[in-house]
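Below is one structure, written out as structure tokens, with a few remarks after it.
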Amino acid sequence: MMWEKKVRRVVPYTPGEQPGTEGILKLNTNENPYPPAPGVEAVLARADVEKLRLYPDPEALALRMALAARYGVEPEQVFVGVGSDDVLAMAFLTFFNGGEPILFPDVSYSFYEVWASLFGIPYRCPALDERFRIRTEDYLTDNGGIVFPNPNAPTGLMLPLSEVERIVAGNPDSVVIVDEAYVDFGGESALPLVKRYDNLLVVQTFSKSRSLAGLRIGFAIGSKRLIGYLNDVKFSFNSYTMSRLAIACGRASVEDEAYFEETVGRIVQTRERVRGELEKLGFCVLDSRTNFLFITHEGVPAATLFEALRSAGIFVRYFPKPRIDGYLRVTVGTEEQMDRFLAFLKNYLKDRSL
């Protein structure tokens, strides 16, 4: 077809599988196993359906004010969007226009490459070292911008804040985006650096630690100047990105700090218990600071174990990519869910040894 010559063609991001079958143990998309804060349910229970005929606040001020109060910044330093993917895409579109290649790790969130291709942004991927760690010196060079997840995905490893600051301070002419989707599970946030560096943008999400993946809320915090540029692009693209319900539920979630700390603490406790059990079974488990574990076993190919788990109704994530095709990424679920996962592994490994 002649019209196909005018089509923009990209290789899309592949999200984790969402099975529709009952009884599946879903440990493949890093969702929180616990419900959202009680205040979220209260918001939904008293929602004024009649008001849904009205547009939401395009500035999402109520949510931005709650986030500003929670993180000790001004509302003008907060940008919100439809999940952190929306926020990151807007940031790519806004800040990575210098013509020089942007930098992000070779083992990283695979959406970065998709956005770069979609927006025509040149990029380069410095290799993580042999222990899957970022080499700070690789990012102290000419570039059109920098983005990296911290803790990293899918490895779960954390770059120390001192090294994050070295990267930010060493690139005063570039915007540095630190993607902190998993930071609440044991990482050290770069948010304190925002006061000192006007080229730093910190992005977080409600999908993981706040149990609101289905509502799609993400946010960024940076200097007023950075956020102002982001808003210019957003309002040139879509003024009403967040629904009334998302704004109200997001605010309720932020304001319930006790529940947030409780559920995050439970996940971290389960993660460490399961990590120990996996190591007893002969798995090598990276030092995760997230709500997932990145695991490998020298006696069982990851692809083989992935299929065996899937056949048993246990979904985990396998990435058939260079350097990480020997690993599986396993979301941390409830204690009961992880016991089911561990029980399968014990029986599976026992049967293989017979």
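Chain labels follow the order of the structure tokens: the first chain is A, the next B, and so on; residue numbering restarts at 1 in every chain, and ligands are counted from 1 in their shown order.
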
Which neighbours of Val233 of chain A fall inside 12 Å, counting only C-alpha atoms, when residues of the same chain fewer than 3 positions from it are skipped, and could you give them as a PyMOL selection string? chain A and resi 79+87+89-95+226-230+236-239

Selection from above, C-alpha atoms, as a CSV table (one decimal), in the first residue's frame, can you write it?
```csv
chain,number,residue,atom,x,y,z
A,79,PHE,CA,4.7,17.6,37.4
A,87,VAL,CA,5.9,11.5,32.5
A,89,ALA,CA,7.9,10.2,27.5
A,90,MET,CA,7.1,13.9,28.0
A,91,ALA,CA,10.6,14.4,29.5
A,92,PHE,CA,12.2,12.7,26.5
A,93,LEU,CA,10.1,14.9,24.1
A,94,THR,CA,11.0,18.1,26.1
A,95,PHE,CA,14.6,17.8,27.1
A,226,LEU,CA,12.5,22.2,34.3
A,227,ILE,CA,8.8,21.7,35.3
A,228,GLY,CA,7.8,24.8,33.4
A,229,TYR,CA,9.3,23.4,30.2
A,230,LEU,CA,7.5,20.1,30.8
A,236,SER,CA,0.7,21.5,23.7
A,237,PHE,CA,0.0,17.8,23.6
A,238,ASN,CA,-3.0,17.1,25.9
A,239,SER,CA,-4.3,19.5,28.6
```

Got a sec: who's within 10 Å of Asn97 of chain A, counting only C-alpha atoms, leaving out chain neighbours fewer than 4 positions off, as a PDB file with N, CA and C atoms, in the first residue's frame?
```pdb
ATOM      1  N   PHE A  92      11.392  12.999  27.668  1.00  0.00           N
ATOM      2  CA  PHE A  92      12.182  12.727  26.464  1.00  0.00           C
ATOM      3  C   PHE A  92      11.865  13.770  25.403  1.00  0.00           C
ATOM      4  N   LEU A  93      10.586  13.999  25.184  1.00  0.00           N
ATOM      5  CA  LEU A  93      10.136  14.919  24.148  1.00  0.00           C
ATOM      6  C   LEU A  93      10.572  16.349  24.442  1.00  0.00           C
ATOM      7  N   PRO A 101      23.832  12.217  21.110  1.00  0.00           N
ATOM      8  CA  PRO A 101      23.215  11.009  21.666  1.00  0.00           C
ATOM      9  C   PRO A 101      22.942  11.141  23.160  1.00  0.00           C
ATOM     10  N   ILE A 102      21.775  10.703  23.574  1.00  0.00           N
ATOM     11  CA  ILE A 102      21.501  10.598  25.003  1.00  0.00           C
ATOM     12  C   ILE A 102      22.105   9.280  25.495  1.00  0.00           C
ATOM     13  N   PHE A 119      10.833   9.246  18.930  1.00  0.00           N
ATOM     14  CA  PHE A 119      11.023  10.691  18.815  1.00  0.00           C
ATOM     15  C   PHE A 119      12.246  11.075  17.983  1.00  0.00           C
ATOM     16  N   GLY A 120      12.917  10.077  17.407  1.00  0.00           N
ATOM     17  CA  GLY A 120      14.071  10.367  16.566  1.00  0.00           C
ATOM     18  C   GLY A 120      15.261  10.919  17.335  1.00  0.00           C
ATOM     19  N   ILE A 121      15.461  10.420  18.571  1.00  0.00           N
ATOM     20  CA  ILE A 121      16.548  10.896  19.432  1.00  0.00           C
ATOM     21  C   ILE A 121      17.723   9.923  19.324  1.00  0.00           C
ATOM     22  N   PRO A 122      18.908  10.375  18.915  1.00  0.00           N
ATOM     23  CA  PRO A 122      20.049   9.460  18.905  1.00  0.00           C
ATOM     24  C   PRO A 122      20.416   9.046  20.326  1.00  0.00           C
ATOM     25  N   GLY A 144      23.664  14.257  24.930  1.00  0.00           N
ATOM     26  CA  GLY A 144      22.473  15.077  24.739  1.00  0.00           C
ATOM     27  C   GLY A 144      21.486  14.969  25.874  1.00  0.00           C
ATOM     28  N   GLY A 145      21.857  14.241  26.919  1.00  0.00           N
ATOM     29  CA  GLY A 145      20.989  14.011  28.066  1.00  0.00           C
ATOM     30  C   GLY A 145      21.252  12.634  28.627  1.00  0.00           C
TER      31      GLY A 145
END
```

DSSP-assigned strand (DSSP E or B) members of segment 142-316 of chain A, reported as a ChimeraX atom specification: /A:146-149,176-179,200-205,218-221,283-285,292-297,300,314-315

For segment 21-32 of chain A, list every protein, DNA or RNA residue within 7 Å, evaluated using only C-alpha atoms, and leave out those in the same chain fewer than 3 positions away; present the list as a ChimeraX atom specification. /A:16,207-209,211,213,291-292,313-317,330-333

Give me a file of those residues, with N, CA and C atoms, as a PDB file, in the first residue's frame.
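What follows is the written file again_2.pdb:
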```
ATOM      1  N   GLY A  16       4.547  -6.757  30.353  1.00  0.00           N
ATOM      2  CA  GLY A  16       4.365  -8.090  30.916  1.00  0.00           C
ATOM      3  C   GLY A  16       2.986  -8.641  30.596  1.00  0.00           C
ATOM      4  N   SER A 207       2.485   3.240  40.866  1.00  0.00           N
ATOM      5  CA  SER A 207       2.132   1.882  40.438  1.00  0.00           C
ATOM      6  C   SER A 207       2.697   0.800  41.330  1.00  0.00           C
ATOM      7  N   LYS A 208       3.818   1.060  41.972  1.00  0.00           N
ATOM      8  CA  LYS A 208       4.502   0.023  42.744  1.00  0.00           C
ATOM      9  C   LYS A 208       4.198   0.150  44.234  1.00  0.00           C
ATOM     10  N   SER A 209       4.845   1.093  44.902  1.00  0.00           N
ATOM     11  CA  SER A 209       4.715   1.183  46.353  1.00  0.00           C
ATOM     12  C   SER A 209       3.347   1.666  46.810  1.00  0.00           C
ATOM     13  N   SER A 211       0.377   0.915  45.157  1.00  0.00           N
ATOM     14  CA  SER A 211      -0.674  -0.045  44.747  1.00  0.00           C
ATOM     15  C   SER A 211      -1.712   0.549  43.799  1.00  0.00           C
ATOM     16  N   ALA A 213      -1.314   0.792  40.196  1.00  0.00           N
ATOM     17  CA  ALA A 213      -0.929   0.569  38.802  1.00  0.00           C
ATOM     18  C   ALA A 213      -2.122   0.713  37.862  1.00  0.00           C
ATOM     19  N   ASN A 291      10.825  -4.197  44.524  1.00  0.00           N
ATOM     20  CA  ASN A 291       9.810  -5.186  44.897  1.00  0.00           C
ATOM     21  C   ASN A 291       9.873  -6.404  43.991  1.00  0.00           C
ATOM     22  N   PHE A 292      11.054  -6.687  43.472  1.00  0.00           N
ATOM     23  CA  PHE A 292      11.256  -7.902  42.684  1.00  0.00           C
ATOM     24  C   PHE A 292      12.653  -8.448  42.939  1.00  0.00           C
ATOM     25  N   GLY A 313       1.214 -22.454  36.175  1.00  0.00           N
ATOM     26  CA  GLY A 313       0.355 -21.314  36.495  1.00  0.00           C
ATOM     27  C   GLY A 313       1.041 -20.229  37.289  1.00  0.00           C
ATOM     28  N   ILE A 314       2.367 -20.186  37.202  1.00  0.00           N
ATOM     29  CA  ILE A 314       3.144 -19.155  37.902  1.00  0.00           C
ATOM     30  C   ILE A 314       3.852 -18.314  36.849  1.00  0.00           C
ATOM     31  N   PHE A 315       3.463 -17.074  36.722  1.00  0.00           N
ATOM     32  CA  PHE A 315       4.015 -16.192  35.713  1.00  0.00           C
ATOM     33  C   PHE A 315       5.123 -15.323  36.315  1.00  0.00           C
ATOM     34  N   VAL A 316       6.315 -15.397  35.722  1.00  0.00           N
ATOM     35  CA  VAL A 316       7.419 -14.510  36.051  1.00  0.00           C
ATOM     36  C   VAL A 316       7.875 -13.868  34.736  1.00  0.00           C
ATOM     37  N   ARG A 317       8.918 -13.054  34.783  1.00  0.00           N
ATOM     38  CA  ARG A 317       9.356 -12.355  33.566  1.00  0.00           C
ATOM     39  C   ARG A 317      10.705 -12.888  33.119  1.00  0.00           C
ATOM     40  N   VAL A 330      11.370 -11.857  39.266  1.00  0.00           N
ATOM     41  CA  VAL A 330      10.238 -12.376  40.039  1.00  0.00           C
ATOM     42  C   VAL A 330       9.703 -11.278  40.951  1.00  0.00           C
ATOM     43  N   THR A 331       8.457 -10.904  40.760  1.00  0.00           N
ATOM     44  CA  THR A 331       7.828  -9.914  41.630  1.00  0.00           C
ATOM     45  C   THR A 331       7.630 -10.507  43.020  1.00  0.00           C
ATOM     46  N   VAL A 332       7.802  -9.677  44.034  1.00  0.00           N
ATOM     47  CA  VAL A 332       7.541 -10.108  45.410  1.00  0.00           C
ATOM     48  C   VAL A 332       6.045  -9.966  45.684  1.00  0.00           C
ATOM     49  N   GLY A 333       5.396 -11.079  45.959  1.00  0.00           N
ATOM     50  CA  GLY A 333       3.979 -11.081  46.286  1.00  0.00           C
ATOM     51  C   GLY A 333       3.758 -11.174  47.782  1.00  0.00           C
TER      52      GLY A 333
END
```

Would you give me, as a PyMOL selection string, the residues in segment 204-298 of chain A that DSSP reads as helix (DSSP H, G or I)? chain A and resi 224-237+244-255+257-280

Written selection (C-alpha atoms) as a CSV table (one decimal), in the first residue's frame:
```csv
chain,number,residue,atom,x,y,z
A,224,LYS,CA,10.7,25.2,38.6
A,225,ARG,CA,12.3,25.9,35.3
A,226,LEU,CA,12.5,22.2,34.3
A,227,ILE,CA,8.8,21.7,35.3
A,228,GLY,CA,7.8,24.8,33.4
A,229,TYR,CA,9.3,23.4,30.2
A,230,LEU,CA,7.5,20.1,30.8
A,231,ASN,CA,4.2,21.8,31.3
A,232,ASP,CA,4.7,23.7,28.0
A,233,VAL,CA,5.0,20.4,26.2
A,234,LYS,CA,2.2,18.8,28.1
A,235,PHE,CA,-0.3,21.6,27.4
A,236,SER,CA,0.7,21.5,23.7
A,237,PHE,CA,0.0,17.8,23.6
A,244,ARG,CA,-10.9,13.5,38.4
A,245,LEU,CA,-10.8,10.1,40.1
A,246,ALA,CA,-7.0,9.7,39.6
A,247,ILE,CA,-6.4,13.2,41.1
A,248,ALA,CA,-8.6,12.5,44.1
A,249,CYS,CA,-7.3,8.9,44.7
A,250,GLY,CA,-3.7,10.0,44.3
A,251,ARG,CA,-4.1,12.7,46.9
A,252,ALA,CA,-5.7,10.2,49.3
A,253,SER,CA,-2.9,7.8,48.8
A,254,VAL,CA,-0.2,10.4,49.5
A,255,GLU,CA,-1.8,11.6,52.6
A,257,GLU,CA,1.8,7.8,55.1
A,258,ALA,CA,1.3,5.1,57.8
A,259,TYR,CA,-0.4,2.7,55.4
A,260,PHE,CA,2.3,3.4,52.8
A,261,GLU,CA,5.1,2.6,55.2
A,262,GLU,CA,3.3,-0.6,56.5
A,263,THR,CA,2.8,-2.2,53.1
A,264,VAL,CA,6.3,-1.2,51.8
A,265,GLY,CA,7.8,-2.7,55.0
A,266,ARG,CA,5.8,-6.0,54.5
A,267,ILE,CA,7.1,-6.3,50.9
A,268,VAL,CA,10.7,-5.7,51.9
A,269,GLN,CA,10.4,-8.3,54.7
A,270,THR,CA,9.0,-10.8,52.3
A,271,ARG,CA,11.7,-10.0,49.7
A,272,GLU,CA,14.5,-10.7,52.2
A,273,ARG,CA,13.0,-13.9,53.4
A,274,VAL,CA,12.5,-15.2,49.9
A,275,ARG,CA,16.0,-14.2,48.9
A,276,GLY,CA,17.4,-16.3,51.7
A,277,GLU,CA,15.2,-19.3,50.7
A,278,LEU,CA,16.3,-19.0,47.0
A,279,GLU,CA,19.9,-18.9,47.9
A,280,LYS,CA,19.4,-22.2,49.9
```
